[in-house]
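Visitor: Quick one: the structure is below, questions incoming.
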Amino acid sequence: MFLRIKYLLTHSALLILLMSLLTVSCSRKKSTFLSRGYHNTTSRYNGYFNAREIMKKNDIIVKKSHVDDYSQVLPIFIYPDEKKSQSMYPDMDKIIEKCSQVIERHSIYIRKKENVKWIDDSYFLIAKARLYKREFGLAEETFLYVYQAFKQDPNRYQGLNWLIKTFIETEQWDKAEEFLDLAELEYKKYPEELKGDYYAVYADFYLKKEKNRAKAIEKLEDAIKFTKPKEERRRYTYILAQLYLKDKNLARATELYSQVIKLNPNYTMRFNARISRALAFDATANNSDGIKKELNKMLRDKKNEEFRDQIYFALAELALKEKDEPLAVDYLRKSVKFSVTNNKQKAQSYFKLAELYFARPDYVLAQSHYDSTLQFLPKDHPEYYEVESKNNNLQELVTNLKVIMLQDSLLALGQLNEKDRKKQVNKIIKKLKEEEDRKKQAEMRALALRQQQAENPGFNSTNRNSGRSKGQWYFYNVTTKALGLSEFKQVWGERKLEDNWNRKKSQSIVSTNTNIEEVAQLTPEDIKADSLAQAQKYDPEFYLKDIPVEMKDQLNAHGKLVEALFNVGTIFKESFVDYPSAIKSFKRITSEYDTSRYNLPAHYQLYRTYTANADVELAEEEKKWILENHPFSEYAYLIKNPNYNKESKETKQKVEEFYQATYKLYQYGLYADVITSCNRAETAFSKNHLRPQFAFMKAKSIGYTEDKETFRKQLEYIIQEFPKEPVKEKAQEILNFMNKTATTEKNAESEEEIKYVFNPKAKHIFVFTIDVKDKDLNEFKNQISDFNKNFFRETKLQITSSALNDSQLFLIRTFENLEQAARYYKAARNNSALMLKARQEGATEYLISNENFRLLFKSRNEQEYVTFFNENYPID
């Protein structure tokens with residue numbers, strides 16, 4: 001009995017001791033060996049481990065879903081875009097939740113020192129999750145905290161690197177530069193494993209902010225030295241090779257592309273490295289046979305069928321380096337022909353062709369290829385607006401060149417006798433028939449090719465011996481599809497996938513009202529085969545009727561020609577700095593059309609062109625002609641006083657500034673001051689271009705401050721003084737209204753107008769609106785609730801419902817400002833499950849501020865607000 005009691009007492013004591021030790025180890029008030037061990041273990045293997053694994057999974061998803069554009073310098077770092085970010089909200093919220101629990105339950109922060117090693121890592125994961133959610137402000141705060149709070153932990157510099165990445169991603173350049181300077185000062189304290197990231201961040205800054213390739217190259221060279229992970233080192237090496245290629249350091253670029261291939265990249269990167277290595281070939285230093293052999297071998301490789309456009313482009317670049325332009329043009333045409341899915345490559349090939357034609361110069365061909373470039377080049381491409389500008393200028397040039405060619409031809413035909421005119425027209429018709437026959441033959445060849453391919457699966461028109469495997473379906477063979485598509489385009493041109501694709505328009509292009517000028521502007525593809533058009537285009541009378549035979553018709557043709565000549569000369573001079581071509585156009589005007597209204601402007605343009613071309617003697621001749629023959633013209637004043645135009649513009653600008661200041665007075669309701677300002681403008685700026693506007697503003701101010709009769713007189717003055725100005729119509733409308741209402745005064749006040757206000761700082765509500773019609777909407781409401789829990793669990797959103805007229809409103813509230821509301825709006829719109837249900841229920845969505853929501857229920861006109869929302873809310 002005694003022994004049993006002793007045994008129980010001993011075990012009770014041990015149990016108490018164990019409980020005491022457990023209590024001590026769980027405590028976060030003291031940093032002891034037991035407490036640190038307990039909290040390090042539980043924090044790592046519970047919350048932090050799970051959060052880290054979720055982040056690893058999402059990092060892989062981000063990299064795999066990212067598609068690199070090898071036609072541009074690759075981004076150094078890959079982040080989720082807005083749509084991808086929204087799909088990651090649930091996982092990122094889990095990371096934030098788990099890491100927050102780790103910090104809350106296990107942090108031992110005593111005397112400004114954290115004693116649990118996984119706390120800083122948890123903060124870092126929270127910050128990275130915020131960045132992936134594109135909550136940049138919160139990400140910045142947390143990365144900064146990681147850097148500042150954990151001064152004894154070398155991993156604080158990981159927080160500093162990612163803080164700078166966040167500043168670069170949000171284009172906060174001053175802050176990025178400030179913290180890069182700080183990182184440079186602390187570089188010696190950086191752990192070796194973080195130095196590669198440090199240099200890469202620096203390179204990213206130089207590329208995005210300063211566009212400084214030299215400094216970016218220097219930093220990337222260092223980044224590669226310190227980067228151990230193969231995937232990152234491979235990416236940095238590829239980007240470095242791209243930068244050296246742009247800097248024309250061909251030898252170093254070639255060396256680096258070879259290194260990329262040795263680093264065992266995926267097939268796409270390996271292929272592009274091989275292509276880019278060919279583009280980096282230095283024709284002046286090496287023999288190109290080896291590169292050509294490799295590229296042709298790549299052409300024969302079945303795996304590269306969908307990449308043939310890039311291979312032909314590389315061969316074209318090689319031909320250009322060897323000064324073989326005809327061969328380069330041939331390769332570029334093949335690149336376009338075989339480009340099936342890669343629109344950027346097709347655009348690049350068209351662009352290169354356009355540049356070659358422009359340099360010749362062959363402006364007509366250049367314009368058509370710039371136009372084709374724009375069809376395939378994305379609007380966010382760095383060269384898009386340059387191409388668009390050239391194309392627009394060339395379109396105008398080509399249009400005028402065609403006018404010149406057409407009118408010259410028509411006038412030449414008009415000089416012939418009737419017999420010879422008919423003979424020439426018959427030649428035109430014969431040529432048209434031959435062109436159409438050629439097109440029909442091409443169409444028949446295309447059909448025959450497709451029939452052969454259908455009957456003989458192994459048939460390949462490019463290389464019969466390298467055909468696809470027997471039994472492979474036609475549309476699975478990329479090369480065959482490319483050939484068929486190319487033949488199709490030769491016959492039909494570029495066509496959208498739509499009903500009646502084979503008809504340009506629902507009606508015939510060549511109608512009874514079509515004249516010879518319009519036909520001359522059309523390509524053979526434009527002329528469709530309906531019976532009326534066919535009959536007309538082969539009828540000589542169809543063309544003869546527009547040939548200028550009578551004097552008045554010839555004068556009209558000459559008028560069109562001289563105008564086009566002046567336009568062409570101006571475009572050559574101003575847009576393309578092609579002085580010889582400009583001089584040729586202007587000289588033709590001064591020699592053949594010296595009595596036209598374009599003669600004096602052409603002489604002045606010749607004076608300016610010779611001056612710009614440093615041809616002093618000829619410039620002096622033109623100057624002398626203008627001053628002697630038109631001494632009081634504006635052009636003579638411009639020659640005598642080069643600042644004449646500038647002074648005129650300055651006066652005009654002063655008038656406009658004075659008008660804007662006066663209009664502000666009108667907006668503020670200071671009508672007496674407006675009348676004074678308008679009177680002052682009449683005195684100070686007599687005959688200024690805004691006199692009608694000043695007079696009308698004065699009239700409206702008189703309407704507010706003086707009697708009706710004075711107001712009426714001012715309106716009558718405007719009508720009489722400015723009969724051809726728009727203000728005359730406005731004044732007449734007011735006067736008509738005054739006359740109509742002179743005997744009948746309005747008794748009822750107009751209804752109070754509802755004016756919605758756009759205020760991005762105001763609190764906002766997200767609204768789903770549904771036409772009720774006895775629907776059970778509980779399922780939809782539950783789906784909204786699930787969406788909020790999964791994607792916006794931190795926001796604690798509320799769903800309420802309300803009725804407006806015959807509609808049911810689901811209100812998700814409240815967002816502190818438009819920025820927060822817009823994030824929800826975009827996430828909801830990009831969630832396919834939620835949107836599918838919304839559309840099934842007939843729901844539409846919009847954002848509304850609290851104040852506008854009150855006005856909406858006052859007006860009860862929801863459509864009016866939806867119109868306001870669509871017009872005023874800048875949500876992509």
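Convention: chains lettered A, B, ... in structure tokens order; per-chain residue numbering from 1; ligands numbered from 1 as shown.
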Tell me which protein, DNA and RNA residues are within 12 Å of His369 (chain A), counting only C-alpha atoms, leaving out same-chain ones fewer than 4 positions away, and put them as an MDAnalysis selection string.
Guide: chainID A and resid 332:333 336 346:358 362:365 373:377 387:388 390:391 394:395
Visitor: Give me the residues near Asp81 (chain A) as a list of chain:residue names, where near means some atom within 12 Å (using only C-alpha atoms) and where sequence neighbours in that chain fewer than 2 positions away do not count.
Guide: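 Contacts, in chain order: A:Val62, A:Lys63, A:Ser65, A:His66, A:Val67, A:Ile78, A:Tyr79, A:Lys83, A:Lys84, A:Ser85, A:Gln86, A:Ser87, A:Met88, A:Leu131, A:Tyr132, A:Lys133, A:Arg134, A:Glu169.
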Visitor: Find the distance between CA of Ile547 (chain A) and CA of Ala602 (chain A) and write it in Å to one decimal.
Guide: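 Between CA of Ile547 (chain A) and CA of Ala602 (chain A) the gap is 27.8 Å.
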Visitor: Find the residues near Val568 (chain A): any atom within 7 Å, counting only C-alpha atoms, skip ones fewer than 6 places away on the same chain, and give them as a list of chain:residue names.
Guide: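 The filter keeps A:Leu397, A:Asn400, A:Leu401, A:Ser585.
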Visitor: What are the closest atom pairs, with distances in Å to one decimal, for all residues of region 268-316 of chain A lying within 12 Å of region 216-237 of chain A? Consider only C-alpha atoms, order rows by chain and residue number, and present the result as JSON lines.
Guide:
{"residue": "A:Met269", "atom": "CA", "partner": "A:Arg235", "partner_atom": "CA", "distance": 9.3}
{"residue": "A:Arg270", "atom": "CA", "partner": "A:Arg234", "partner_atom": "CA", "distance": 10.6}
{"residue": "A:Ala273", "atom": "CA", "partner": "A:Thr237", "partner_atom": "CA", "distance": 10.5}
Visitor: Which is closer to Pro90 (chain A) than all the others in A:Arg712, A:Lys64, A:Lys724, A:Lys789, using only C-alpha atoms?
Guide: A:Lys789
Visitor: I want to know what sits within 12 Å of Asn778 (chain A), based on only C-alpha atoms, with residues of the same chain fewer than 4 positions away left out; could you give that as a ChimeraX atom specification?
Guide: /A:782-785,799-801,808,810,837,841
Visitor: Would you pick out the contacts of region 755-772 of chain A at 7 Å or less, using only C-alpha atoms, so that residues sharing its chain but fewer than 4 positions from it are not included, and give the list as a PyMOL selection string?
Guide: chain A and resi 806-818+821+842-850+852+872
Visitor: Output as number ranges by chain all residues of region 300-420 of chain A that backbone DSSP marks as helix (DSSP H, G or I).
Guide: A: 300, 302-321, 325-338, 343-359, 363-376, 384-415, 418-420
Visitor: Write out as an MDAnalysis selection string which residues come within 12 Å of Asp204 (chain A) when counting only C-alpha atoms, dropping same-chain ones fewer than 6 positions away.
Guide: chainID A and resid 73:78 161 164:169 171 173 176:177 180 197:198 210:213 215:220 223 236 239:240
Visitor: Pick the closest to Val403 (chain A) from A:Tyr331, A:Phe792, A:Phe566, A:Tyr199: which is it, counting only C-alpha atoms?
Guide: A:Phe566
